[in-house]
file target25.cif (mmCIF, C-alpha atoms)
data_data
#
loop_
_atom_site.group_PDB
_atom_site.id
_atom_site.type_symbol
_atom_site.label_atom_id
_atom_site.label_comp_id
_atom_site.auth_asym_id
_atom_site.auth_seq_id
_atom_site.Cartn_x
_atom_site.Cartn_y
_atom_site.Cartn_z
ATOM 1 C CA LEU A 1 0.000 0.000 0.000
ATOM 2 C CA GLY A 2 1.488 3.313 -1.049
ATOM 3 C CA VAL A 3 0.082 6.839 -1.254
ATOM 4 C CA VAL A 4 1.506 9.312 -3.759
ATOM 5 C CA PHE A 5 1.526 12.910 -2.524
ATOM 6 C CA PRO A 6 0.994 15.767 -4.994
ATOM 7 C CA THR A 7 4.086 17.927 -5.439
ATOM 8 C CA ASN A 8 4.853 21.189 -7.174
ATOM 9 C CA GLU A 9 6.933 21.291 -10.327
ATOM 10 C CA GLY A 10 10.598 20.731 -9.616
ATOM 11 C CA GLU A 11 10.002 19.129 -6.211
ATOM 12 C CA GLU A 12 11.039 15.611 -5.374
ATOM 13 C CA PRO A 13 8.151 13.087 -5.703
ATOM 14 C CA LEU A 14 6.852 11.810 -2.355
ATOM 15 C CA VAL A 15 5.378 8.353 -1.762
ATOM 16 C CA ALA A 16 4.181 7.352 1.729
ATOM 17 C CA PHE A 17 4.237 3.753 2.960
ATOM 18 C CA PRO A 18 2.670 2.848 6.350
ATOM 19 C CA LEU A 19 5.074 1.309 8.859
ATOM 20 C CA VAL A 20 2.311 -0.890 10.291
ATOM 21 C CA LEU A 21 -0.303 -2.989 8.519
ATOM 22 C CA PRO A 22 -3.584 -1.035 8.338
ATOM 23 C CA MET A 23 -6.598 -2.889 9.741
ATOM 24 C CA GLY A 24 -10.207 -1.949 10.291
ATOM 25 C CA TRP A 25 -13.737 -2.748 9.131
ATOM 26 C CA LYS A 26 -12.438 -4.361 5.940
ATOM 27 C CA ASN A 27 -11.293 -7.818 4.895
ATOM 28 C CA SER A 28 -7.824 -8.429 6.294
ATOM 29 C CA PRO A 29 -4.934 -8.218 3.798
ATOM 30 C CA PRO A 30 -4.112 -11.746 2.536
ATOM 31 C CA VAL A 31 -0.404 -11.259 3.258
ATOM 32 C CA PHE A 32 -1.137 -10.799 6.972
ATOM 33 C CA SER A 33 -3.472 -13.790 7.336
ATOM 34 C CA THR A 34 -1.010 -15.924 5.352
ATOM 35 C CA ALA A 35 1.722 -15.222 7.897
ATOM 36 C CA THR A 36 -0.418 -16.003 10.948
ATOM 37 C CA GLU A 37 -1.934 -19.103 9.320
ATOM 38 C CA THR A 38 1.606 -20.296 8.616
ATOM 39 C CA ILE A 39 2.459 -19.868 12.298
ATOM 40 C CA ALA A 40 -0.586 -21.952 13.307
ATOM 41 C CA ASP A 41 0.356 -24.671 10.797
ATOM 42 C CA LEU A 42 3.949 -24.785 12.077
ATOM 43 C CA ALA A 43 2.760 -24.980 15.681
ATOM 44 C CA ASN A 44 0.291 -27.812 14.998
ATOM 45 C CA GLN A 45 2.905 -29.729 13.000
ATOM 46 C CA ARG A 46 5.310 -29.551 15.928
ATOM 47 C CA LEU A 47 2.570 -30.364 18.449
ATOM 48 C CA ALA A 48 1.809 -33.583 16.535
ATOM 49 C CA SER A 49 5.425 -34.693 16.969
ATOM 50 C CA VAL A 50 7.129 -35.764 20.179
ATOM 51 C CA MET A 51 9.542 -32.818 20.236
ATOM 52 C CA GLU A 52 10.084 -30.934 23.452
ATOM 53 C CA PRO A 53 10.456 -27.183 22.810
ATOM 54 C CA ARG A 54 13.250 -25.029 24.181
ATOM 55 C CA PRO A 55 12.359 -22.648 27.028
ATOM 56 C CA HIS A 56 11.063 -19.253 25.897
ATOM 57 C CA PRO A 57 11.633 -16.071 27.964
ATOM 58 C CA LEU A 58 8.054 -14.874 27.477
ATOM 59 C CA ASP A 59 6.720 -18.267 28.570
ATOM 60 C CA GLU A 60 8.328 -17.768 31.958
ATOM 61 C CA GLU A 61 6.674 -14.354 32.290
ATOM 62 C CA ALA A 62 3.264 -15.683 31.211
ATOM 63 C CA GLU A 63 3.499 -18.568 33.695
ATOM 64 C CA LYS A 64 3.770 -16.144 36.620
ATOM 65 C CA ILE A 65 0.569 -14.288 35.730
ATOM 66 C CA VAL A 66 -2.750 -15.435 37.178
ATOM 67 C CA PRO A 67 -5.451 -14.235 34.751
ATOM 68 C CA GLU A 68 -8.646 -12.669 36.042
ATOM 69 C CA SER A 69 -11.634 -14.929 35.519
ATOM 70 C CA PRO A 70 -14.059 -13.469 32.935
ATOM 71 C CA LEU A 71 -16.894 -14.767 35.126
ATOM 72 C CA GLU A 72 -15.711 -12.641 38.067
ATOM 73 C CA ALA A 73 -15.226 -9.666 35.748
ATOM 74 C CA SER A 74 -18.793 -10.143 34.500
ATOM 75 C CA VAL A 75 -20.130 -9.881 38.038
ATOM 76 C CA SER A 76 -18.123 -6.708 38.717
ATOM 77 C CA GLN A 77 -19.346 -5.139 35.461
ATOM 78 C CA ARG A 78 -23.045 -5.730 35.985
ATOM 79 C CA GLN A 79 -25.156 -3.042 34.451
ATOM 80 C CA SER A 80 -28.755 -2.162 33.825
ATOM 81 C CA LEU A 81 -30.056 -4.182 30.902
ATOM 82 C CA PRO A 82 -33.299 -3.646 28.990
ATOM 83 C CA SER A 83 -35.662 -6.446 29.914
ATOM 84 C CA ILE A 84 -38.620 -7.968 28.119
ATOM 85 C CA LEU A 85 -40.340 -9.038 31.299
ATOM 86 C CA ARG A 86 -42.853 -6.191 31.295
ATOM 87 C CA ARG A 87 -45.624 -6.683 28.789
ATOM 88 C CA SER A 88 -47.591 -3.788 27.406
ATOM 89 C CA SER A 89 -51.168 -3.730 26.175
ATOM 90 C CA LYS A 90 -50.588 -0.490 24.297
ATOM 91 C CA HIS A 91 -49.765 -2.258 21.040
ATOM 92 C CA LEU A 92 -52.355 -5.036 21.355
ATOM 93 C CA ARG A 93 -55.063 -5.382 18.734
ATOM 94 C CA PRO A 94 -57.787 -8.006 18.433
ATOM 95 C CA GLY A 95 -56.538 -11.158 16.769
ATOM 96 C CA ARG A 96 -52.847 -10.251 17.156
ATOM 97 C CA PRO A 97 -50.374 -12.010 19.457
ATOM 98 C CA LEU A 98 -49.250 -10.351 22.643
ATOM 99 C CA ARG A 99 -46.358 -7.983 22.061
ATOM 100 C CA VAL A 100 -43.586 -7.267 24.518
ATOM 101 C CA ARG A 101 -42.076 -3.930 25.457
ATOM 102 C CA TRP A 102 -38.614 -3.193 26.779
ATOM 103 C CA ASP A 103 -38.167 -1.948 30.328
ATOM 104 C CA PRO A 104 -34.655 -0.534 30.966
ATOM 105 C CA THR A 105 -35.302 -0.118 34.687
ATOM 106 C CA LEU A 106 -35.148 -3.782 35.635
ATOM 107 C CA PRO A 107 -31.703 -4.954 36.815
ATOM 108 C CA HIS A 108 -29.805 -7.691 35.059
ATOM 109 C CA SER A 109 -27.364 -10.197 36.452
ATOM 110 C CA SER A 110 -24.880 -12.417 34.691
ATOM 111 C CA PRO A 111 -25.983 -15.919 33.615
ATOM 112 C CA ARG A 112 -26.142 -18.363 36.491
ATOM 113 C CA HIS A 113 -23.163 -20.688 36.790
ATOM 114 C CA LEU A 114 -23.735 -24.355 36.031
ATOM 115 C CA PRO A 115 -22.269 -26.994 38.357
ATOM 116 C CA VAL A 116 -19.117 -28.703 37.135
ATOM 117 C CA PRO A 117 -20.159 -32.096 35.719
ATOM 118 C CA THR A 118 -18.948 -35.106 37.705
ATOM 119 C CA LEU A 119 -19.358 -37.664 34.906
ATOM 120 C CA ARG A 120 -17.786 -37.481 31.472
ATOM 121 C CA ASP A 121 -20.226 -37.079 28.586
ATOM 122 C CA PRO A 122 -20.051 -40.391 26.665
ATOM 123 C CA SER A 123 -20.544 -38.504 23.394
ATOM 124 C CA LEU A 124 -17.259 -36.611 23.767
ATOM 125 C CA PRO A 125 -14.546 -37.931 21.420
ATOM 126 C CA LYS A 126 -11.668 -39.883 22.939
ATOM 127 C CA GLN A 127 -7.993 -39.797 22.035
ATOM 128 C CA SER A 128 -4.896 -41.433 23.444
ATOM 129 C CA ARG A 129 -2.852 -38.218 23.777
ATOM 130 C CA PRO A 130 -3.730 -35.020 25.660
ATOM 131 C CA LEU A 131 -5.336 -32.394 23.463
ATOM 132 C CA SER A 132 -2.857 -29.966 21.888
ATOM 133 C CA TYR A 133 -4.038 -27.568 19.211
ATOM 134 C CA VAL A 134 -3.540 -24.003 17.966
ATOM 135 C CA ASP A 135 -5.909 -21.981 15.789
ATOM 136 C CA VAL A 136 -5.864 -18.355 14.659
ATOM 137 C CA PHE A 137 -8.347 -15.641 13.767
ATOM 138 C CA VAL A 138 -6.534 -12.929 11.780
ATOM 139 C CA ASP A 139 -3.905 -12.024 14.414
ATOM 140 C CA ASP A 140 -5.379 -13.655 17.534
ATOM 141 C CA PHE A 141 -3.993 -17.107 18.360
ATOM 142 C CA ILE A 142 -6.150 -19.555 20.324
ATOM 143 C CA GLY A 143 -4.499 -22.462 22.095
ATOM 144 C CA LEU A 144 -6.064 -25.604 23.528
ATOM 145 C CA ALA A 145 -4.287 -27.981 25.879
ATOM 146 C CA GLN A 146 -5.079 -30.749 28.341
ATOM 147 C CA GLN A 147 -2.964 -31.390 31.437
ATOM 148 C CA SER A 148 -0.925 -28.697 33.139
ATOM 149 C CA GLY A 149 2.468 -29.965 31.963
ATOM 150 C CA ASN A 150 1.306 -30.137 28.372
ATOM 151 C CA SER A 151 -0.025 -26.585 28.511
ATOM 152 C CA ARG A 152 3.455 -25.085 28.814
ATOM 153 C CA ARG A 153 4.625 -27.220 25.884
ATOM 154 C CA VAL A 154 1.811 -25.846 23.701
ATOM 155 C CA ARG A 155 2.590 -22.252 24.661
ATOM 156 C CA ARG A 156 6.335 -22.614 24.079
ATOM 157 C CA ILE A 157 5.838 -24.229 20.679
ATOM 158 C CA LEU A 158 3.456 -21.441 19.644
ATOM 159 C CA MET A 159 5.828 -18.706 20.836
ATOM 160 C CA HIS A 160 8.767 -20.239 18.967
ATOM 161 C CA ALA A 161 6.626 -20.578 15.830
ATOM 162 C CA ILE A 162 5.785 -16.859 16.057
ATOM 163 C CA ASP A 163 9.507 -16.067 16.402
ATOM 164 C CA ASP A 164 10.292 -18.199 13.344
ATOM 165 C CA VAL A 165 7.914 -16.174 11.147
ATOM 166 C CA PHE A 166 8.017 -12.747 12.825
ATOM 167 C CA ARG A 167 11.606 -12.282 13.980
ATOM 168 C CA PRO A 168 11.875 -11.450 17.708
ATOM 169 C CA LEU A 169 13.466 -8.247 18.904
ATOM 170 C CA GLU A 170 17.224 -7.860 18.728
ATOM 171 C CA GLY A 171 19.564 -5.306 20.229
ATOM 172 C CA THR A 172 20.226 -3.700 16.840
ATOM 173 C CA ASP A 173 16.529 -3.126 16.049
ATOM 174 C CA SER A 174 15.011 0.329 15.708
ATOM 175 C CA ILE A 175 13.389 1.787 18.796
ATOM 176 C CA HIS A 176 10.105 1.816 16.861
ATOM 177 C CA ARG A 177 10.003 -1.963 16.395
ATOM 178 C CA ARG A 178 8.015 -3.864 18.993
ATOM 179 C CA GLU A 179 7.962 -7.472 20.122
ATOM 180 C CA PRO A 180 5.798 -9.566 17.732
ATOM 181 C CA ILE A 181 4.062 -11.130 20.759
ATOM 182 C CA SER A 182 1.990 -8.415 22.410
ATOM 183 C CA LEU A 183 3.487 -7.790 25.843
ATOM 184 C CA LYS A 184 0.459 -5.715 26.828
ATOM 185 C CA LYS A 185 -1.911 -8.638 26.243
ATOM 186 C CA LEU A 186 0.530 -11.093 27.806
ATOM 187 C CA ARG A 187 0.669 -9.053 31.019
ATOM 188 C CA LYS A 188 -3.125 -8.876 31.089
ATOM 189 C CA GLY A 189 -3.194 -12.679 31.242
ATOM 190 C CA ASP A 190 -4.139 -13.446 27.635
ATOM 191 C CA CYS A 191 -1.195 -15.891 27.355
ATOM 192 C CA SER A 192 -1.933 -17.591 30.675
ATOM 193 C CA TRP A 193 -3.938 -20.793 30.836
ATOM 194 C CA SER A 194 -7.414 -21.003 32.353
ATOM 195 C CA THR A 195 -10.472 -23.222 32.013
ATOM 196 C CA VAL A 196 -12.578 -20.051 31.611
ATOM 197 C CA LYS A 197 -11.408 -17.648 28.939
ATOM 198 C CA LEU A 198 -12.665 -14.660 26.967
ATOM 199 C CA VAL A 199 -12.135 -15.693 23.332
ATOM 200 C CA LEU A 200 -13.045 -13.334 20.486
ATOM 201 C CA GLY A 201 -15.781 -11.687 22.529
ATOM 202 C CA TRP A 202 -17.216 -14.904 24.007
ATOM 203 C CA ILE A 203 -16.763 -16.313 27.511
ATOM 204 C CA ILE A 204 -15.949 -20.022 27.099
ATOM 205 C CA ASP A 205 -16.020 -22.362 30.103
ATOM 206 C CA THR A 206 -14.225 -25.589 29.140
ATOM 207 C CA ALA A 207 -15.014 -27.337 32.445
ATOM 208 C CA ASN A 208 -18.767 -26.803 32.231
ATOM 209 C CA MET A 209 -18.728 -26.890 28.391
ATOM 210 C CA THR A 210 -20.655 -23.608 28.136
ATOM 211 C CA ILE A 211 -20.359 -20.350 26.226
ATOM 212 C CA HIS A 212 -22.045 -17.000 26.728
ATOM 213 C CA LEU A 213 -21.800 -13.320 25.871
ATOM 214 C CA PRO A 214 -20.103 -10.883 28.260
ATOM 215 C CA PRO A 215 -22.494 -8.398 29.925
ATOM 216 C CA HIS A 216 -21.569 -5.515 27.614
ATOM 217 C CA ARG A 217 -22.424 -7.570 24.514
ATOM 218 C CA VAL A 218 -25.713 -8.728 26.048
ATOM 219 C CA ALA A 219 -26.477 -5.080 26.756
ATOM 220 C CA ARG A 220 -25.619 -4.221 23.146
ATOM 221 C CA LEU A 221 -27.997 -6.926 21.872
ATOM 222 C CA ALA A 222 -30.735 -5.518 24.095
ATOM 223 C CA GLU A 223 -29.981 -2.006 22.849
ATOM 224 C CA ILE A 224 -30.313 -3.111 19.210
ATOM 225 C CA LEU A 225 -33.671 -4.785 19.823
ATOM 226 C CA ALA A 226 -34.946 -1.877 21.914
ATOM 227 C CA SER A 227 -34.099 0.570 19.109
ATOM 228 C CA ILE A 228 -36.737 -1.039 16.842
ATOM 229 C CA PRO A 229 -40.153 -0.811 18.549
ATOM 230 C CA VAL A 230 -42.960 -3.100 17.433
ATOM 231 C CA THR A 231 -44.802 -0.141 15.895
ATOM 232 C CA GLN A 232 -41.930 0.825 13.569
ATOM 233 C CA ARG A 233 -42.738 0.105 9.929
ATOM 234 C CA ARG A 234 -39.648 1.432 8.124
ATOM 235 C CA CYS A 235 -35.923 1.653 8.710
ATOM 236 C CA SER A 236 -32.986 3.140 6.812
ATOM 237 C CA VAL A 237 -30.907 0.716 4.771
ATOM 238 C CA GLN A 238 -27.742 1.838 6.549
ATOM 239 C CA LYS A 239 -29.163 1.072 9.998
ATOM 240 C CA TRP A 240 -30.605 -2.264 8.826
ATOM 241 C CA TYR A 241 -27.213 -3.366 7.493
ATOM 242 C CA LYS A 242 -25.726 -2.537 10.899
ATOM 243 C CA VAL A 243 -28.483 -4.408 12.747
ATOM 244 C CA LEU A 244 -28.067 -7.506 10.566
ATOM 245 C CA GLY A 245 -24.284 -7.402 10.868
ATOM 246 C CA GLU A 246 -24.283 -7.230 14.652
ATOM 247 C CA LEU A 247 -26.989 -9.861 15.055
ATOM 248 C CA ARG A 248 -25.134 -12.238 12.732
ATOM 249 C CA SER A 249 -21.890 -11.731 14.671
ATOM 250 C CA MET A 250 -23.717 -12.734 17.875
ATOM 251 C CA SER A 251 -25.718 -15.578 16.322
ATOM 252 C CA LEU A 252 -22.683 -17.870 16.448
ATOM 253 C CA ALA A 253 -23.551 -18.881 20.007
ATOM 254 C CA LEU A 254 -27.256 -18.025 20.201
ATOM 255 C CA PRO A 255 -29.066 -21.367 19.877
ATOM 256 C CA GLY A 256 -31.663 -21.359 17.110
ATOM 257 C CA SER A 257 -30.841 -17.879 15.833
ATOM 258 C CA ARG A 258 -29.243 -18.942 12.553
ATOM 259 C CA ASN A 259 -32.600 -19.946 11.114
ATOM 260 C CA ILE A 260 -34.550 -16.752 11.807
ATOM 261 C CA PHE A 261 -32.785 -14.369 9.431
ATOM 262 C CA SER A 262 -34.942 -15.194 6.365
ATOM 263 C CA HIS A 263 -37.493 -12.384 6.685
ATOM 264 C CA MET A 264 -34.875 -9.927 7.941
ATOM 265 C CA GLN A 265 -32.589 -10.614 4.972
ATOM 266 C CA SER A 266 -35.484 -10.608 2.525
ATOM 267 C CA ALA A 267 -36.421 -7.092 3.636
ATOM 268 C CA LEU A 268 -33.211 -5.840 1.998
ATOM 269 C CA SER A 269 -34.140 -7.298 -1.395
ATOM 270 C CA LEU A 270 -37.510 -5.505 -1.216
ATOM 271 C CA LYS A 271 -36.106 -2.133 -0.175
ATOM 272 C CA LYS A 272 -37.437 1.029 -1.783
ATOM 273 C CA GLY A 273 -34.786 3.685 -2.178
ATOM 274 C CA ASN A 274 -32.877 3.896 1.073
ATOM 275 C CA ARG A 275 -35.717 2.542 3.228
ATOM 276 C CA VAL A 276 -36.482 -1.022 4.351
ATOM 277 C CA ALA A 277 -40.030 -2.143 5.165
ATOM 278 C CA LEU A 278 -40.442 -3.888 8.524
ATOM 279 C CA ASP A 279 -43.394 -6.231 8.002
ATOM 280 C CA LYS A 280 -44.949 -8.836 10.304
ATOM 281 C CA GLY A 281 -42.324 -11.428 9.427
ATOM 282 C CA VAL A 282 -39.476 -9.083 10.330
ATOM 283 C CA HIS A 283 -41.032 -8.160 13.677
ATOM 284 C CA ALA A 284 -41.723 -11.840 14.405
ATOM 285 C CA ALA A 285 -38.007 -12.545 13.879
ATOM 286 C CA LEU A 286 -37.085 -9.655 16.191
ATOM 287 C CA ASP A 287 -39.472 -11.060 18.805
ATOM 288 C CA ASP A 288 -37.625 -14.377 18.510
ATOM 289 C CA PHE A 289 -34.358 -12.575 19.236
ATOM 290 C CA ARG A 290 -35.995 -10.963 22.276
ATOM 291 C CA PHE A 291 -36.950 -14.413 23.541
ATOM 292 C CA ILE A 292 -33.377 -15.631 22.949
ATOM 293 C CA LEU A 293 -32.023 -12.579 24.794
ATOM 294 C CA LYS A 294 -34.163 -13.388 27.827
ATOM 295 C CA ASP A 295 -32.958 -16.995 27.703
ATOM 296 C CA ILE A 296 -29.221 -16.247 27.457
ATOM 297 C CA ALA A 297 -29.498 -13.642 30.210
ATOM 298 C CA ASN A 298 -30.740 -16.370 32.562
ATOM 299 C CA ARG A 299 -28.405 -19.218 31.673
ATOM 300 C CA PRO A 300 -25.192 -19.867 29.705
ATOM 301 C CA THR A 301 -25.400 -21.758 26.413
ATOM 302 C CA ARG A 302 -24.134 -25.316 26.384
ATOM 303 C CA ILE A 303 -21.587 -25.855 23.623
ATOM 304 C CA ALA A 304 -23.400 -29.070 22.675
ATOM 305 C CA GLU A 305 -26.379 -26.904 21.654
ATOM 306 C CA LEU A 306 -24.177 -25.309 18.987
ATOM 307 C CA VAL A 307 -21.874 -28.160 17.970
ATOM 308 C CA PRO A 308 -23.755 -31.486 18.012
ATOM 309 C CA LEU A 309 -21.700 -34.310 19.472
ATOM 310 C CA LEU A 310 -21.486 -37.805 18.041
ATOM 311 C CA ALA A 311 -24.207 -40.196 19.160
ATOM 312 C CA SER A 312 -23.310 -42.225 22.258
ATOM 313 C CA ALA A 313 -25.241 -45.239 20.910
ATOM 314 C CA LEU A 314 -25.779 -46.352 17.313
ATOM 315 C CA GLY A 315 -28.254 -48.961 16.026
ATOM 316 C CA HIS A 316 -31.750 -49.436 14.672
ATOM 317 C CA HIS A 317 -35.096 -50.532 15.992
ATOM 318 C CA ASP A 318 -37.603 -52.915 14.453
ATOM 319 C CA ALA A 319 -39.183 -50.234 12.266
ATOM 320 C CA SER A 320 -35.983 -49.137 10.506
ATOM 321 C CA GLY A 321 -33.818 -52.198 10.092
ATOM 322 C CA THR A 322 -33.311 -54.123 6.861
ATOM 323 C CA GLY A 323 -36.400 -56.158 6.038
ATOM 324 C CA ALA A 324 -38.432 -54.772 8.919
ATOM 325 C CA GLY A 325 -42.124 -54.419 8.207
#
call {"tool": "encode", "arguments": {"input": "target25.cif", "output": "structure tokens"}}
result
Amino acid sequence: LGVVFPTNEGEEPLVAFPLVLPMGWKNSPPVFSTATETIADLANQRLASVMEPRPHPLDEEAEKIVPESPLEASVSQRQSLPSILRRSSKHLRPGRPLRVRWDPTLPHSSPRHLPVPTLRDPSLPKQSRPLSYVDVFVDDFIGLAQQSGNSRRVRRILMHAIDDVFRPLEGTDSIHRREPISLKKLRKGDCSWSTVKLVLGWIIDTANMTIHLPPHRVARLAEILASIPVTQRRCSVQKWYKVLGELRSMSLALPGSRNIFSHMQSALSLKKGNRVALDKGVHAALDDFRFILKDIANRPTRIAELVPLLASALGHHDASGTGAG
């Protein structure tokens, strides 16, 4: 990426090149994702072997940090959340279903914790070796490990893989060059292991096998739904694109939400000018999201609701077997 600056006649041409990779609300540059994907591939290749990695100086620093639990942070960040518990008869008409109205005065608490299961789910896959895996989303690496001793091996292998692609700092480097591994995030506990972790805006509990939105994202979902009252019949295209984008980003871990976008997406194809019509189907879909919001505010989502596990028992009964009548 280069930007040519206009110059007067006789002046030296000027071309500006950014010293850092620009990122924002656009698709990430392929060259950047290629580098981080290569790091993940190198790490997983080494994890599959029996190699023991060399110590890494940043691993020692990360090991000393005890990360704050996202669940405790959620409790400390409780805030007022619009609720759908108060029903209003203002918008009721004969023959129409009961509508709900948002009440921002009712307090909201974080989802209730589920007890740690004592028995292993028989549907969970089994493997002979402890789990060791690294994935990446643009520039955020996500590591998975079983057993405390294995966890340091996974972290060291990942850190060395990052150093192999993005050269670590040396004494001769410019003062403007920074460590490829973010020291700020490391010191916040992002590189420290925990069974409960905030990953890409989701709180994942690997012991209870649950996932849920942090309070600020639940509040944002409530704010989006509250901004479109049941009496609204039109909306600007720009706002509707924003609503759809945010709802789709949250639908990853909202059980049942993936299948209620039909009417909302169809409204875009029927737009007139820069306005979108909000018909009965659209408002019914928004009501479904309000129901989901109430549900996720009261309990965390089980990961098995989003990623179906393999069946614990396979077979047939007398009405489905070969030759059964």
call {"tool": "residues_near_point", "arguments": {"input": "target25.cif", "point": "(12.7, -11.0, 18.1)", "cutoff": "12 Å", "atoms": "only C-alpha atoms", "output": "ChimeraX atom specification"}}
result
/A:56-58,159-174,177-182
call {"tool": "resolve_selection", "arguments": {"input": "target25.cif", "expression": "the PyMOL selection byres ((chain A and resi 277) around 12)", "output": "PDB file with C-alpha atoms, in the frame of the given file"}}
result
ATOM      1  CA  THR A 231     -44.802  -0.141  15.895  1.00  0.00           C
ATOM      2  CA  GLN A 232     -41.930   0.825  13.569  1.00  0.00           C
ATOM      3  CA  ARG A 233     -42.738   0.105   9.929  1.00  0.00           C
ATOM      4  CA  ARG A 234     -39.648   1.432   8.124  1.00  0.00           C
ATOM      5  CA  CYS A 235     -35.923   1.653   8.710  1.00  0.00           C
ATOM      6  CA  SER A 236     -32.986   3.140   6.812  1.00  0.00           C
ATOM      7  CA  VAL A 237     -30.907   0.716   4.771  1.00  0.00           C
ATOM      8  CA  TRP A 240     -30.605  -2.264   8.826  1.00  0.00           C
ATOM      9  CA  HIS A 263     -37.493 -12.384   6.685  1.00  0.00           C
ATOM     10  CA  MET A 264     -34.875  -9.927   7.941  1.00  0.00           C
ATOM     11  CA  GLN A 265     -32.589 -10.614   4.972  1.00  0.00           C
ATOM     12  CA  SER A 266     -35.484 -10.608   2.525  1.00  0.00           C
ATOM     13  CA  ALA A 267     -36.421  -7.092   3.636  1.00  0.00           C
ATOM     14  CA  LEU A 268     -33.211  -5.840   1.998  1.00  0.00           C
ATOM     15  CA  SER A 269     -34.140  -7.298  -1.395  1.00  0.00           C
ATOM     16  CA  LEU A 270     -37.510  -5.505  -1.216  1.00  0.00           C
ATOM     17  CA  LYS A 271     -36.106  -2.133  -0.175  1.00  0.00           C
ATOM     18  CA  LYS A 272     -37.437   1.029  -1.783  1.00  0.00           C
ATOM     19  CA  GLY A 273     -34.786   3.685  -2.178  1.00  0.00           C
ATOM     20  CA  ASN A 274     -32.877   3.896   1.073  1.00  0.00           C
ATOM     21  CA  ARG A 275     -35.717   2.542   3.228  1.00  0.00           C
ATOM     22  CA  VAL A 276     -36.482  -1.022   4.351  1.00  0.00           C
ATOM     23  CA  LEU A 278     -40.442  -3.888   8.524  1.00  0.00           C
ATOM     24  CA  ASP A 279     -43.394  -6.231   8.002  1.00  0.00           C
ATOM     25  CA  LYS A 280     -44.949  -8.836  10.304  1.00  0.00           C
ATOM     26  CA  GLY A 281     -42.324 -11.428   9.427  1.00  0.00           C
ATOM     27  CA  VAL A 282     -39.476  -9.083  10.330  1.00  0.00           C
ATOM     28  CA  HIS A 283     -41.032  -8.160  13.677  1.00  0.00           C
TER      29      HIS A 283
END
call {"tool": "atom_distance", "arguments": {"input": "target25.cif", "atom1": "CA of Ala219 (chain A)", "atom2": "CA of Asn298 (chain A)"}}
result
13.4 Å
call {"tool": "closest_residue", "arguments": {"input": "target25.cif", "among": "A:Met209, A:Leu225, A:Ile260, A:Val66", "to": "Ile303 (chain A)", "atoms": "all atoms listed in the file"}}
result
A:Met209
call {"tool": "resolve_selection", "arguments": {"input": "target25.cif", "expression": "the PyMOL selection byres ((chain A and resi 48) around 12)", "output": "list in words"}}
result
Asp41, Leu42, Ala43, Asn44, Gln45, Arg46, Leu47, Ser49, Val50, Met51, Glu52, Arg129, Pro130, Leu131, Ser132, Tyr133, Val134, Arg153, Val154 and Ile157 of chain A
call {"tool": "atom_distance", "arguments": {"input": "target25.cif", "atom1": "CA of Lys126 (chain A)", "atom2": "CA of Ser148 (chain A)"}}
result
18.6 Å
call {"tool": "resolve_selection", "arguments": {"input": "target25.cif", "expression": "the PyMOL selection byres ((chain A and resi 206) around 12)", "output": "PDB file with C-alpha atoms, in the frame of the given file"}}
result
ATOM      1  CA  LEU A 114     -23.735 -24.355  36.031  1.00  0.00           C
ATOM      2  CA  VAL A 116     -19.117 -28.703  37.135  1.00  0.00           C
ATOM      3  CA  PRO A 117     -20.159 -32.096  35.719  1.00  0.00           C
ATOM      4  CA  LEU A 144      -6.064 -25.604  23.528  1.00  0.00           C
ATOM      5  CA  ALA A 145      -4.287 -27.981  25.879  1.00  0.00           C
ATOM      6  CA  GLN A 146      -5.079 -30.749  28.341  1.00  0.00           C
ATOM      7  CA  TRP A 193      -3.938 -20.793  30.836  1.00  0.00           C
ATOM      8  CA  SER A 194      -7.414 -21.003  32.353  1.00  0.00           C
ATOM      9  CA  THR A 195     -10.472 -23.222  32.013  1.00  0.00           C
ATOM     10  CA  VAL A 196     -12.578 -20.051  31.611  1.00  0.00           C
ATOM     11  CA  LYS A 197     -11.408 -17.648  28.939  1.00  0.00           C
ATOM     12  CA  LEU A 198     -12.665 -14.660  26.967  1.00  0.00           C
ATOM     13  CA  VAL A 199     -12.135 -15.693  23.332  1.00  0.00           C
ATOM     14  CA  ILE A 203     -16.763 -16.313  27.511  1.00  0.00           C
ATOM     15  CA  ILE A 204     -15.949 -20.022  27.099  1.00  0.00           C
ATOM     16  CA  ASP A 205     -16.020 -22.362  30.103  1.00  0.00           C
ATOM     17  CA  ALA A 207     -15.014 -27.337  32.445  1.00  0.00           C
ATOM     18  CA  ASN A 208     -18.767 -26.803  32.231  1.00  0.00           C
ATOM     19  CA  MET A 209     -18.728 -26.890  28.391  1.00  0.00           C
ATOM     20  CA  THR A 210     -20.655 -23.608  28.136  1.00  0.00           C
ATOM     21  CA  ILE A 211     -20.359 -20.350  26.226  1.00  0.00           C
ATOM     22  CA  HIS A 212     -22.045 -17.000  26.728  1.00  0.00           C
ATOM     23  CA  ARG A 302     -24.134 -25.316  26.384  1.00  0.00           C
ATOM     24  CA  ILE A 303     -21.587 -25.855  23.623  1.00  0.00           C
ATOM     25  CA  ALA A 304     -23.400 -29.070  22.675  1.00  0.00           C
TER      26      ALA A 304
END
